[in-house]
>>> print(open('entry.tsv').read())   # TSV, C-alpha atoms and all ligand atoms
chain	number	residue	atom	x	y	z
F	6	MET	CA	-14.92	9.60	-20.20
F	7	SER	CA	-12.54	11.80	-22.10
F	8	GLY	CA	-9.54	12.89	-20.10
F	9	TYR	CA	-10.21	10.78	-17.03
F	10	GLU	CA	-9.60	7.19	-18.26
F	11	SER	CA	-5.87	7.20	-17.81
F	12	HIS	CA	-6.21	8.42	-14.21
F	13	ILE	CA	-8.73	5.74	-13.28
F	14	ALA	CA	-7.09	2.88	-15.18
F	15	SER	CA	-4.64	2.09	-12.38
F	16	ILE	CA	-7.51	1.07	-10.06
F	17	ALA	CA	-7.98	-2.10	-12.14
F	18	SER	CA	-4.72	-3.54	-10.82
F	19	GLN	CA	-5.73	-2.88	-7.18
F	20	ARG	CA	-8.44	-5.54	-6.74
F	21	ASN	CA	-6.31	-7.94	-4.73
F	22	ARG	CA	-4.79	-5.17	-2.65
F	23	MET	CA	-8.28	-4.01	-1.73
F	24	ARG	CA	-9.26	-7.62	-0.93
F	25	ASP	CA	-6.23	-8.04	1.35
F	26	LEU	CA	-6.92	-4.75	3.15
F	27	ILE	CA	-10.54	-5.79	3.74
F	28	ILE	CA	-9.50	-9.21	5.09
F	29	GLN	CA	-6.98	-7.55	7.40
F	30	TRP	CA	-9.60	-5.08	8.70
F	31	ALA	CA	-12.39	-7.69	8.98
F	32	ASN	CA	-10.12	-9.93	11.07
F	33	ILE	CA	-9.86	-7.17	13.68
F	34	ASN	CA	-13.02	-7.36	15.77
F	35	SER	CA	-14.48	-3.86	15.84
F	36	GLY	CA	-17.92	-4.43	17.32
F	37	SER	CA	-19.45	-1.08	18.34
F	38	ARG	CA	-18.93	-1.86	22.06
F	39	HIS	CA	-15.43	-3.33	21.70
F	40	VAL	CA	-13.30	-0.28	22.46
F	41	ALA	CA	-9.95	-2.14	22.38
F	42	GLY	CA	-10.79	-3.57	18.95
F	43	LEU	CA	-11.87	-0.16	17.68
F	44	GLU	CA	-8.60	1.36	18.96
F	45	LYS	CA	-6.64	-1.31	17.09
F	46	MET	CA	-8.71	-0.83	13.94
F	47	ALA	CA	-8.12	2.95	14.12
F	48	ALA	CA	-4.36	2.49	14.44
F	49	VAL	CA	-4.21	0.10	11.50
F	50	VAL	CA	-6.37	2.33	9.31
F	51	VAL	CA	-4.18	5.38	10.03
F	52	GLU	CA	-1.18	3.38	8.78
F	53	ASP	CA	-3.00	2.10	5.70
F	54	PHE	CA	-4.08	5.66	4.80
F	55	ALA	CA	-0.64	7.20	5.44
F	56	GLY	CA	0.12	7.48	1.72
F	57	LEU	CA	-2.51	10.20	1.41
F	58	HIS	CA	-0.36	12.51	3.57
F	59	ALA	CA	-3.40	14.04	5.24
F	60	THR	CA	-3.49	15.74	8.63
F	61	VAL	CA	-4.69	12.95	10.92
F	62	GLU	CA	-6.47	13.43	14.21
F	63	ARG	CA	-7.65	10.76	16.60
F	64	ILE	CA	-10.81	12.06	18.28
F	65	ALA	CA	-11.91	10.65	21.64
F	66	LEU	CA	-15.71	10.48	21.77
F	67	PRO	CA	-17.82	11.09	24.89
F	68	ALA	CA	-19.39	8.02	26.49
F	69	GLN	CA	-22.92	7.05	25.45
F	70	SER	CA	-25.77	7.19	27.98
F	71	VAL	CA	-27.57	3.85	27.90
F	72	VAL	CA	-30.59	2.75	29.94
F	73	ALA	CA	-29.52	-0.37	31.84
F	74	ALA	CA	-31.83	-3.28	32.73
F	75	ASP	CA	-32.40	-1.67	36.16
F	76	GLY	CA	-33.84	1.43	34.49
F	77	THR	CA	-30.90	3.68	35.40
F	78	LEU	CA	-28.62	5.52	32.98
F	79	HIS	CA	-25.13	4.09	32.50
F	80	GLN	CA	-22.19	5.67	30.69
F	81	VAL	CA	-20.80	3.27	28.08
F	82	PRO	CA	-17.43	4.13	26.49
F	83	LEU	CA	-17.06	4.49	22.72
F	84	GLY	CA	-14.04	3.91	20.49
F	85	PRO	CA	-12.08	6.73	18.82
F	86	ALA	CA	-13.02	8.46	15.57
F	87	ILE	CA	-10.33	9.21	12.99
F	88	SER	CA	-10.35	12.45	11.06
F	89	MET	CA	-8.10	13.05	8.05
F	90	VAL	CA	-8.02	16.45	6.42
F	91	LYS	CA	-6.34	17.74	3.28
F	92	ARG	CA	-6.43	21.27	1.87
F	93	PRO	CA	-9.17	22.51	4.26
F	94	LYS	CA	-8.94	26.07	2.90
F	95	SER	CA	-9.94	24.97	-0.58
F	96	ARG	CA	-13.02	26.61	-2.13
F	97	ARG	CA	-14.59	23.21	-2.91
F	98	ARG	CA	-14.66	20.77	-0.05
F	99	VAL	CA	-15.81	17.17	-0.08
F	100	PHE	CA	-16.64	15.08	2.97
F	101	LEU	CA	-15.97	11.34	2.78
F	102	GLY	CA	-17.07	9.04	5.55
F	103	ILE	CA	-17.64	5.50	6.64
F	104	HIS	CA	-17.83	3.65	9.94
F	105	ALA	CA	-15.23	1.29	11.36
F	106	ASP	CA	-17.61	-0.50	13.74
F	107	THR	CA	-19.58	-3.65	13.02
F	108	VAL	CA	-22.55	-5.39	14.62
F	109	TYR	CA	-20.41	-8.39	15.65
F	110	SER	CA	-19.15	-8.44	19.25
F	111	PRO	CA	-16.04	-10.42	20.24
F	112	ALA	CA	-18.42	-13.11	21.58
F	113	ASN	CA	-19.93	-13.67	18.13
F	114	PRO	CA	-18.60	-16.84	16.45
F	115	PHE	CA	-18.33	-14.90	13.13
F	116	GLN	CA	-14.78	-13.48	13.37
F	117	LYS	CA	-12.73	-14.25	10.26
F	118	ALA	CA	-12.96	-13.29	6.62
F	119	CYS	CA	-12.24	-15.75	3.83
F	120	GLU	CA	-13.07	-16.34	0.19
F	121	THR	CA	-15.83	-18.93	0.51
F	122	SER	CA	-16.04	-19.29	-3.26
F	123	PRO	CA	-14.12	-17.59	-6.05
F	124	GLY	CA	-14.90	-13.87	-5.96
F	125	LYS	CA	-17.06	-14.08	-2.82
F	126	LEU	CA	-15.49	-12.81	0.39
F	127	THR	CA	-17.46	-13.80	3.50
F	128	GLY	CA	-16.65	-12.23	6.86
F	129	PRO	CA	-17.74	-9.85	9.62
F	130	GLY	CA	-18.09	-6.33	8.25
F	131	VAL	CA	-16.53	-7.17	4.85
F	132	LEU	CA	-19.39	-5.33	3.16
F	133	ASP	CA	-20.72	-3.17	6.01
F	134	ALA	CA	-18.52	-1.32	5.84
F	135	LYS	CA	-14.86	-2.34	5.57
F	136	GLY	CA	-15.29	-2.89	1.84
F	137	GLY	CA	-16.47	0.71	1.64
F	138	LEU	CA	-13.37	1.84	3.49
F	139	ALA	CA	-11.18	0.24	0.81
F	140	VAL	CA	-13.23	1.90	-1.95
F	141	LEU	CA	-12.88	5.27	-0.21
F	142	LEU	CA	-9.10	4.84	0.06
F	143	LEU	CA	-8.67	3.95	-3.61
F	144	ALA	CA	-10.88	6.84	-4.74
F	145	LEU	CA	-8.78	9.33	-2.74
F	146	GLU	CA	-5.49	7.82	-3.91
F	147	THR	CA	-6.68	8.22	-7.49
F	148	LEU	CA	-7.65	11.85	-6.89
F	149	GLU	CA	-4.35	12.66	-5.19
F	150	LYS	CA	-2.35	11.25	-8.12
F	151	SER	CA	-4.37	13.29	-10.63
F	152	PRO	CA	-3.48	16.78	-11.89
F	153	TRP	CA	-6.72	18.21	-10.40
F	154	ALA	CA	-6.11	17.20	-6.79
F	155	GLY	CA	-5.07	20.69	-5.74
F	156	ASN	CA	-8.45	22.10	-6.80
F	157	ILE	CA	-10.41	20.55	-3.95
F	158	GLY	CA	-10.07	19.98	-0.25
F	159	TRP	CA	-11.40	16.93	1.50
F	160	GLU	CA	-11.90	15.47	4.91
F	161	VAL	CA	-12.49	11.87	5.94
F	162	LEU	CA	-14.28	10.79	9.09
F	163	ILE	CA	-14.06	7.15	10.13
F	164	ASN	CA	-16.43	6.79	13.06
F	165	PRO	CA	-16.69	3.93	15.58
F	166	ASP	CA	-20.39	4.11	16.47
F	167	GLU	CA	-22.60	4.20	13.35
F	168	GLU	CA	-24.15	0.80	14.01
F	169	ILE	CA	-25.50	2.12	17.32
F	170	GLY	CA	-26.80	5.38	15.84
F	171	SER	CA	-23.62	7.52	15.94
F	172	PRO	CA	-24.32	8.80	19.49
F	173	GLY	CA	-20.77	10.13	19.93
F	174	SER	CA	-19.85	11.07	16.37
F	175	GLY	CA	-23.20	12.68	15.51
F	176	PRO	CA	-22.09	16.22	16.49
F	177	ILE	CA	-18.81	15.77	14.54
F	178	LEU	CA	-20.78	14.71	11.47
F	179	ALA	CA	-23.10	17.70	11.88
F	180	ALA	CA	-20.16	20.11	12.01
F	181	ALA	CA	-18.53	18.46	8.98
F	182	ALA	CA	-21.82	18.73	7.08
F	183	ARG	CA	-21.83	22.49	7.58
F	184	ARG	CA	-18.30	23.12	6.26
F	185	ASN	CA	-18.35	20.85	3.18
F	186	HIS	CA	-20.11	21.09	-0.16
F	187	LEU	CA	-20.67	17.44	-1.05
F	188	GLY	CA	-20.85	14.28	1.05
F	189	LEU	CA	-19.74	10.83	-0.08
F	190	VAL	CA	-20.48	7.95	2.29
F	191	PHE	CA	-19.34	4.43	1.54
F	192	GLU	CA	-22.10	2.26	2.95
F	193	PRO	CA	-22.69	-0.86	0.83
F	194	ALA	CA	-24.54	-0.45	-2.43
F	195	LEU	CA	-27.94	-2.11	-2.63
F	196	PRO	CA	-27.61	-5.75	-3.79
F	197	ASN	CA	-28.40	-4.71	-7.39
F	198	GLY	CA	-25.70	-2.02	-7.27
F	199	ASN	CA	-28.20	0.82	-6.94
F	200	LEU	CA	-27.72	3.90	-4.79
F	201	VAL	CA	-30.16	4.95	-2.07
F	202	SER	CA	-32.21	8.13	-2.48
F	203	ASP	CA	-34.92	8.56	0.20
F	204	ARG	CA	-34.23	7.16	3.63
F	205	LYS	CA	-36.57	6.69	6.55
F	206	GLY	CA	-35.75	8.27	9.88
F	207	SER	CA	-35.07	6.15	12.94
F	208	GLY	CA	-35.35	6.53	16.69
F	209	ASN	CA	-34.69	4.29	19.68
F	210	PHE	CA	-36.76	4.56	22.84
F	211	THR	CA	-36.89	2.84	26.21
F	212	PHE	CA	-40.30	2.61	27.86
F	213	ILE	CA	-39.90	2.12	31.62
F	214	VAL	CA	-42.69	1.11	34.00
F	215	ARG	CA	-42.25	1.21	37.76
F	216	GLY	CA	-44.72	-0.48	40.12
F	217	ARG	CA	-44.37	-1.79	43.66
F	218	SER	CA	-42.79	-5.04	44.73
F	219	ALA	CA	-44.47	-7.29	47.29
F	220	HIS	CA	-44.53	-10.94	48.31
F	221	ALA	CA	-46.45	-12.83	45.67
F	222	GLY	CA	-48.11	-15.05	48.27
F	223	ARG	CA	-48.74	-12.90	51.32
F	224	ASP	CA	-49.20	-9.41	49.87
F	225	ILE	CA	-50.06	-9.67	46.21
F	226	THR	CA	-52.76	-7.01	46.48
F	227	VAL	CA	-50.20	-4.56	47.88
F	228	GLY	CA	-47.93	-5.09	44.89
F	229	ARG	CA	-48.23	-3.23	41.59
F	230	ASN	CA	-47.06	-5.51	38.79
F	231	ALA	CA	-44.84	-3.53	36.42
F	232	ILE	CA	-44.64	-6.39	33.90
F	233	ALA	CA	-48.42	-6.60	33.60
F	234	ALA	CA	-48.70	-2.83	33.08
F	235	LEU	CA	-45.86	-2.88	30.55
F	236	ALA	CA	-47.56	-5.72	28.66
F	237	GLU	CA	-50.63	-3.52	28.19
F	238	ALA	CA	-48.40	-0.67	27.07
F	239	VAL	CA	-46.63	-2.90	24.53
F	240	VAL	CA	-49.95	-3.83	22.94
F	241	ARG	CA	-50.82	-0.13	22.60
F	242	ILE	CA	-47.35	0.80	21.30
F	243	ASN	CA	-47.50	-1.96	18.72
F	244	ALA	CA	-50.93	-0.79	17.58
F	245	VAL	CA	-49.20	2.16	15.87
F	246	LEU	CA	-48.30	-0.32	13.14
F	247	GLY	CA	-50.73	0.15	10.31
F	248	ARG	CA	-52.42	3.14	11.97
F	249	MET	CA	-49.89	5.83	11.03
F	250	ASP	CA	-48.90	5.80	7.37
F	251	ALA	CA	-45.36	4.56	6.73
F	252	VAL	CA	-44.50	4.52	10.44
F	253	SER	CA	-43.11	1.27	11.76
F	254	VAL	CA	-42.62	0.38	15.39
F	255	ASN	CA	-40.64	-2.60	16.62
F	256	VAL	CA	-40.71	-3.53	20.30
F	257	GLY	CA	-37.40	-5.36	20.08
F	258	GLN	CA	-36.43	-6.12	23.68
F	259	ILE	CA	-38.26	-6.55	26.97
F	260	GLU	CA	-36.86	-6.91	30.47
F	261	GLY	CA	-38.28	-7.00	33.98
F	262	GLY	CA	-38.85	-8.88	37.17
F	263	THR	CA	-36.63	-10.72	39.62
F	264	ALA	CA	-37.89	-13.85	41.41
F	265	LEU	CA	-41.15	-15.65	40.67
F	266	ASN	CA	-42.46	-15.01	44.17
F	267	VAL	CA	-41.89	-11.25	43.95
F	268	VAL	CA	-44.33	-8.86	42.31
F	269	PRO	CA	-42.06	-7.07	39.78
F	270	ALA	CA	-41.45	-3.42	40.57
F	271	LEU	CA	-39.70	-2.65	37.28
F	272	ALA	CA	-40.14	-3.59	33.65
F	273	LEU	CA	-38.92	-1.95	30.49
F	274	CYS	CA	-38.99	-2.48	26.77
F	275	ARG	CA	-36.84	-1.06	24.00
F	276	ILE	CA	-38.43	0.17	20.82
F	277	ASN	CA	-37.16	1.12	17.37
F	278	VAL	CA	-39.34	3.50	15.38
F	279	ARG	CA	-39.02	4.33	11.67
F	280	VAL	CA	-40.70	7.33	10.11
F	281	GLU	CA	-40.91	8.78	6.63
F	282	ALA	CA	-41.50	12.43	7.48
F	283	GLN	CA	-40.28	14.75	10.21
F	284	GLU	CA	-43.80	15.49	11.53
F	285	GLN	CA	-44.36	11.79	12.23
F	286	GLN	CA	-41.58	11.96	14.82
F	287	ALA	CA	-43.67	14.23	17.04
F	288	ARG	CA	-46.80	12.10	16.57
F	289	VAL	CA	-45.03	8.91	17.59
F	290	ARG	CA	-43.41	10.59	20.57
F	291	SER	CA	-46.72	11.99	21.79
F	292	HIS	CA	-48.33	8.54	21.38
F	293	LEU	CA	-45.63	7.05	23.64
F	294	GLU	CA	-45.98	9.91	26.16
F	295	THR	CA	-49.77	9.45	26.28
F	296	ILE	CA	-49.41	5.76	27.10
F	297	ALA	CA	-46.84	6.61	29.78
F	298	ALA	CA	-49.15	9.26	31.26
F	299	ASP	CA	-52.06	6.80	31.39
F	300	ILE	CA	-49.93	4.31	33.35
F	301	SER	CA	-48.59	7.04	35.65
F	302	GLY	CA	-52.21	7.99	36.41
F	303	ARG	CA	-52.82	4.66	38.11
F	304	GLU	CA	-52.21	4.42	41.84
F	305	GLY	CA	-48.79	2.93	42.59
F	306	PHE	CA	-47.45	3.08	39.02
F	307	SER	CA	-45.22	5.44	37.09
F	308	ALA	CA	-43.97	5.25	33.51
F	309	GLN	CA	-41.31	7.11	31.58
F	310	VAL	CA	-40.14	7.32	27.97
F	311	LEU	CA	-36.41	7.83	27.32
F	312	GLY	CA	-34.66	8.12	23.99
F	313	ASP	CA	-34.99	10.08	20.79
F	314	PHE	CA	-34.85	10.05	17.02
F	315	HIS	CA	-31.17	9.80	16.16
F	316	ALA	CA	-31.48	9.86	12.36
F	317	PRO	CA	-34.00	12.24	10.79
F	318	PRO	CA	-35.77	11.05	7.61
F	319	ARG	CA	-34.32	12.18	4.29
F	320	ALA	CA	-36.41	12.81	1.22
F	321	ALA	CA	-34.31	13.30	-1.93
F	322	ASP	CA	-34.41	16.99	-2.87
F	323	ALA	CA	-33.38	18.57	-6.18
F	324	ALA	CA	-29.69	18.74	-5.20
F	325	MET	CA	-29.67	15.10	-4.17
F	326	LEU	CA	-31.40	14.05	-7.41
F	327	LEU	CA	-28.80	15.99	-9.40
F	328	TRP	CA	-25.98	14.09	-7.68
F	329	LEU	CA	-27.76	10.76	-8.12
F	330	GLU	CA	-28.05	11.53	-11.84
F	331	ARG	CA	-24.37	12.47	-11.97
F	332	ALA	CA	-23.35	9.27	-10.19
F	333	CYS	CA	-25.42	7.18	-12.59
F	334	ALA	CA	-23.91	9.06	-15.54
F	335	CYS	CA	-20.42	8.28	-14.20
F	336	GLY	CA	-21.53	4.66	-13.83
F	337	ALA	CA	-22.71	4.58	-17.43
F	338	GLU	CA	-19.33	5.94	-18.59
F	339	LEU	CA	-17.72	3.04	-16.73
F	340	GLY	CA	-20.16	0.52	-18.18
F	341	LEU	CA	-22.12	0.16	-14.92
F	342	ASN	CA	-25.88	0.04	-15.07
F	343	ILE	CA	-26.89	1.72	-11.82
F	344	SER	CA	-29.94	3.63	-10.69
F	345	TRP	CA	-31.41	4.69	-7.33
F	346	GLN	CA	-34.25	3.77	-5.02
F	347	GLY	CA	-35.51	4.47	-1.49
F	348	SER	CA	-34.62	2.44	1.60
F	349	GLY	CA	-36.10	1.89	5.06
F	350	GLY	CA	-32.59	1.84	6.50
F	351	THR	CA	-30.75	4.77	8.02
F	352	CYS	CA	-27.09	5.72	8.04
F	353	ASP	CA	-24.87	8.75	8.57
F	354	GLY	CA	-26.22	10.05	5.24
F	355	ASN	CA	-29.41	10.93	7.17
F	356	ARG	CA	-27.43	12.93	9.73
F	357	LEU	CA	-25.36	14.76	7.09
F	358	ALA	CA	-28.45	15.63	5.03
F	359	ALA	CA	-30.25	16.89	8.14
F	360	ASN	CA	-27.38	19.36	8.54
F	361	GLY	CA	-27.60	20.57	4.98
F	362	LEU	CA	-25.02	18.43	3.17
F	363	THR	CA	-26.11	16.74	-0.05
F	364	THR	CA	-24.75	13.22	0.33
F	365	LEU	CA	-24.46	10.12	-1.81
F	366	ASP	CA	-24.29	7.44	0.85
F	367	THR	CA	-24.12	4.03	-0.82
F	368	LEU	CA	-20.88	4.26	-2.77
F	369	GLY	CA	-19.47	1.07	-1.22
F	370	PRO	CA	-19.20	-2.29	-2.95
F	371	VAL	CA	-21.88	-4.86	-3.72
F	372	GLY	CA	-22.72	-7.98	-1.71
F	373	GLY	CA	-25.39	-9.06	0.72
F	374	GLU	CA	-26.67	-10.54	3.99
F	375	ILE	CA	-25.21	-7.75	6.11
F	376	HIS	CA	-25.71	-8.01	9.89
F	377	SER	CA	-25.77	-11.82	9.58
F	378	PRO	CA	-23.15	-14.60	9.78
F	379	GLN	CA	-23.40	-14.92	5.99
F	380	GLU	CA	-22.34	-11.34	5.25
F	381	TYR	CA	-20.44	-11.32	1.96
F	382	LEU	CA	-18.78	-8.98	-0.50
F	383	LEU	CA	-18.50	-9.58	-4.24
F	384	LEU	CA	-14.82	-8.90	-4.93
F	385	ASP	CA	-15.42	-8.07	-8.57
F	386	SER	CA	-17.45	-5.03	-7.47
F	387	LEU	CA	-14.43	-3.39	-5.79
F	388	VAL	CA	-12.73	-2.00	-8.89
F	389	PRO	CA	-15.96	-0.69	-10.48
F	390	ARG	CA	-17.12	1.00	-7.25
F	391	ALA	CA	-13.69	2.55	-6.57
F	392	SER	CA	-13.65	3.76	-10.20
F	393	LEU	CA	-17.13	5.26	-9.78
F	394	ALA	CA	-16.19	7.19	-6.63
F	395	ALA	CA	-12.88	8.26	-8.18
F	396	LEU	CA	-14.56	9.51	-11.35
F	397	LEU	CA	-17.03	11.57	-9.30
F	398	LEU	CA	-14.17	13.12	-7.34
F	399	LEU	CA	-12.13	13.82	-10.48
F	400	LYS	CA	-15.08	15.55	-12.13
F	401	VAL	CA	-15.63	17.72	-9.06
F	402	ALA	CA	-11.92	18.54	-8.88
F	403	ALA	CA	-11.69	19.28	-12.62
F	404	GLY	CA	-14.67	21.63	-12.31
F	405	GLU	CA	-16.93	19.57	-14.58
F	406	TYR	CA	-19.35	19.09	-11.68
F	407	GLY	CA	-19.96	22.20	-9.67
F	408	CYS	CA	-21.09	21.90	-6.10
F	409	SER	CA	-22.73	24.51	-3.91
F	410	GLY	CA	-20.28	26.90	-2.35
F	411	THR	CA	-18.07	27.01	-5.46
S	501	ZN	ZN	-23.07	0.32	7.67
>>> encode(input="entry.tsv", output="structure tokens", more="lines below")
Ligand SMILES: [Zn+2]
Amino acid sequence: MSGYESHIASIASQRNRMRDLIIQWANINSGSRHVAGLEKMAAVVVEDFAGLHATVERIALPAQSVVAADGTLHQVPLGPAISMVKRPKSRRRVFLGIHADTVYSPANPFQKACETSPGKLTGPGVLDAKGGLAVLLLALETLEKSPWAGNIGWEVLINPDEEIGSPGSGPILAAAARRNHLGLVFEPALPNGNLVSDRKGSGNFTFIVRGRSAHAGRDITVGRNAIAALAEAVVRINAVLGRMDAVSVNVGQIEGGTALNVVPALALCRINVRVEAQEQQARVRSHLETIAADISGREGFSAQVLGDFHAPPRAADAAMLLWLERACACGAELGLNISWQGSGGTCDGNRLAANGLTTLDTLGPVGGEIHSPQEYLLLDSLVPRASLAALLLLKVAAGEYGCSGT
């Protein structure tokens, strides 16, 4: 690691500071729909990052259009994104990002972080992704203290809506992808410490069926039962499973009906679709549209598909493989045995790659059980992961690793 050791060495003394930052952040509820909590989280993060002396901007995001249970579109507010920029005119520019939101609403009983056993921090968002936020901070602090800092520019985006598909921050990520040369995203590492290479694409759809309400006793033949028609549609939607290679479909929610003596005029289901290749997106969409058209062809019924693919699939290309190799080489220099593998999950790395930015997106710490009340972070992974990200940045800044555009 010749030349870099002394610059990275100071991270070793920062384990407990990182732990305390993560506990502080995890104890602020920042569920994706909790705007007040996201505002508070943004304010605290801006303070905690002040030592980087970056140009900070708080970006208000447009509201998200969501299909409500009554089938109409509602505008749901989102929290603010935080952008921090340093040396934007630099010839080499690195994007660093992670989300501030979590999957835990204020109503969830899982609200506080604590060390449940030595070295194991359990709490909401400790791993996904507030641990990653601490790793990102330490990596940038290390770069800024190094003699090579002036050689690169960087920008950080901390977004409030990744767990719901980045509906508001997606365009900001796309623009950032186009003006930077390397992306580093601090989602949790895989449980074995590995990085993610290929990622599936993901889309969320709402399938709405409208029929005709009528009295269930007097006029049942006049009614057109939307729930019954939707049930048939669900069976056909689900049949995609196993029929299209590597496509998965999950009908995850279903709603409809009012009183038991009323023929339901409205029913809808919400569907998550995962695909491995871009062309599968069109096939799945046309399958859904065909089912909707069949229902609409029946007297008294209409059906509609709303939604889209929000994260395109990412297959590791040559540039991505080069950066995975470099990250693993940095890991080896630090005594970390890491490799890479594909994942069915999606993250902002999909969105950045779709806009042309080669991105390593699992630079966060190690732990497990994310999106559950047992989510935990292994505290002893903080220093190694911060050292890994810092070493990558130092090598880019020192010119040892070239990146496109330089
Ligand atoms: Zn995440």
>>> residues_near_ligand(input="entry.tsv", ligand="ligand ZN 501 (chain S)", cutoff="7 Å", atoms="all atoms listed in the file", output="PyMOL selection string")
chain F and resi 104+133-134+167-168+192-193+352
>>> closest_atom_pairs(input="entry.tsv", of="region 279-373 of chain F", to="region 248-265 of chain F", cutoff="8 Å", atoms="all atoms listed in the file", output="Markdown table")
| residue | atom | partner | partner_atom | distance |
| --- | --- | --- | --- | --- |
| F:Arg279 | CA | F:Ser253 | CA | 5.1 |
| F:Val280 | CA | F:Val252 | CA | 4.7 |
| F:Glu281 | CA | F:Ala251 | CA | 6.1 |
| F:Gln285 | CA | F:Val252 | CA | 7.5 |
>>> residues_around(input="entry.tsv", residues="region 62-76 of chain F", least_positions_apart="2", cutoff="6 Å", atoms="all atoms listed in the file", output="list in words")
Leu78, His79, Gln80, Val81, Pro82, Leu83, Pro85, Ala86, Ile87, Ser88 and Gly173 of chain F
>>> closest_residue(input="entry.tsv", among="F:Leu138, F:Ala219, F:Leu195, F:Val40", to="Ile343 (chain F)", atoms="all atoms listed in the file")
F:Leu195
>>> atom_distance(input="entry.tsv", atom1="CA of Lys205 (chain F)", atom2="CA of Ser348 (chain F)")
6.8 Å
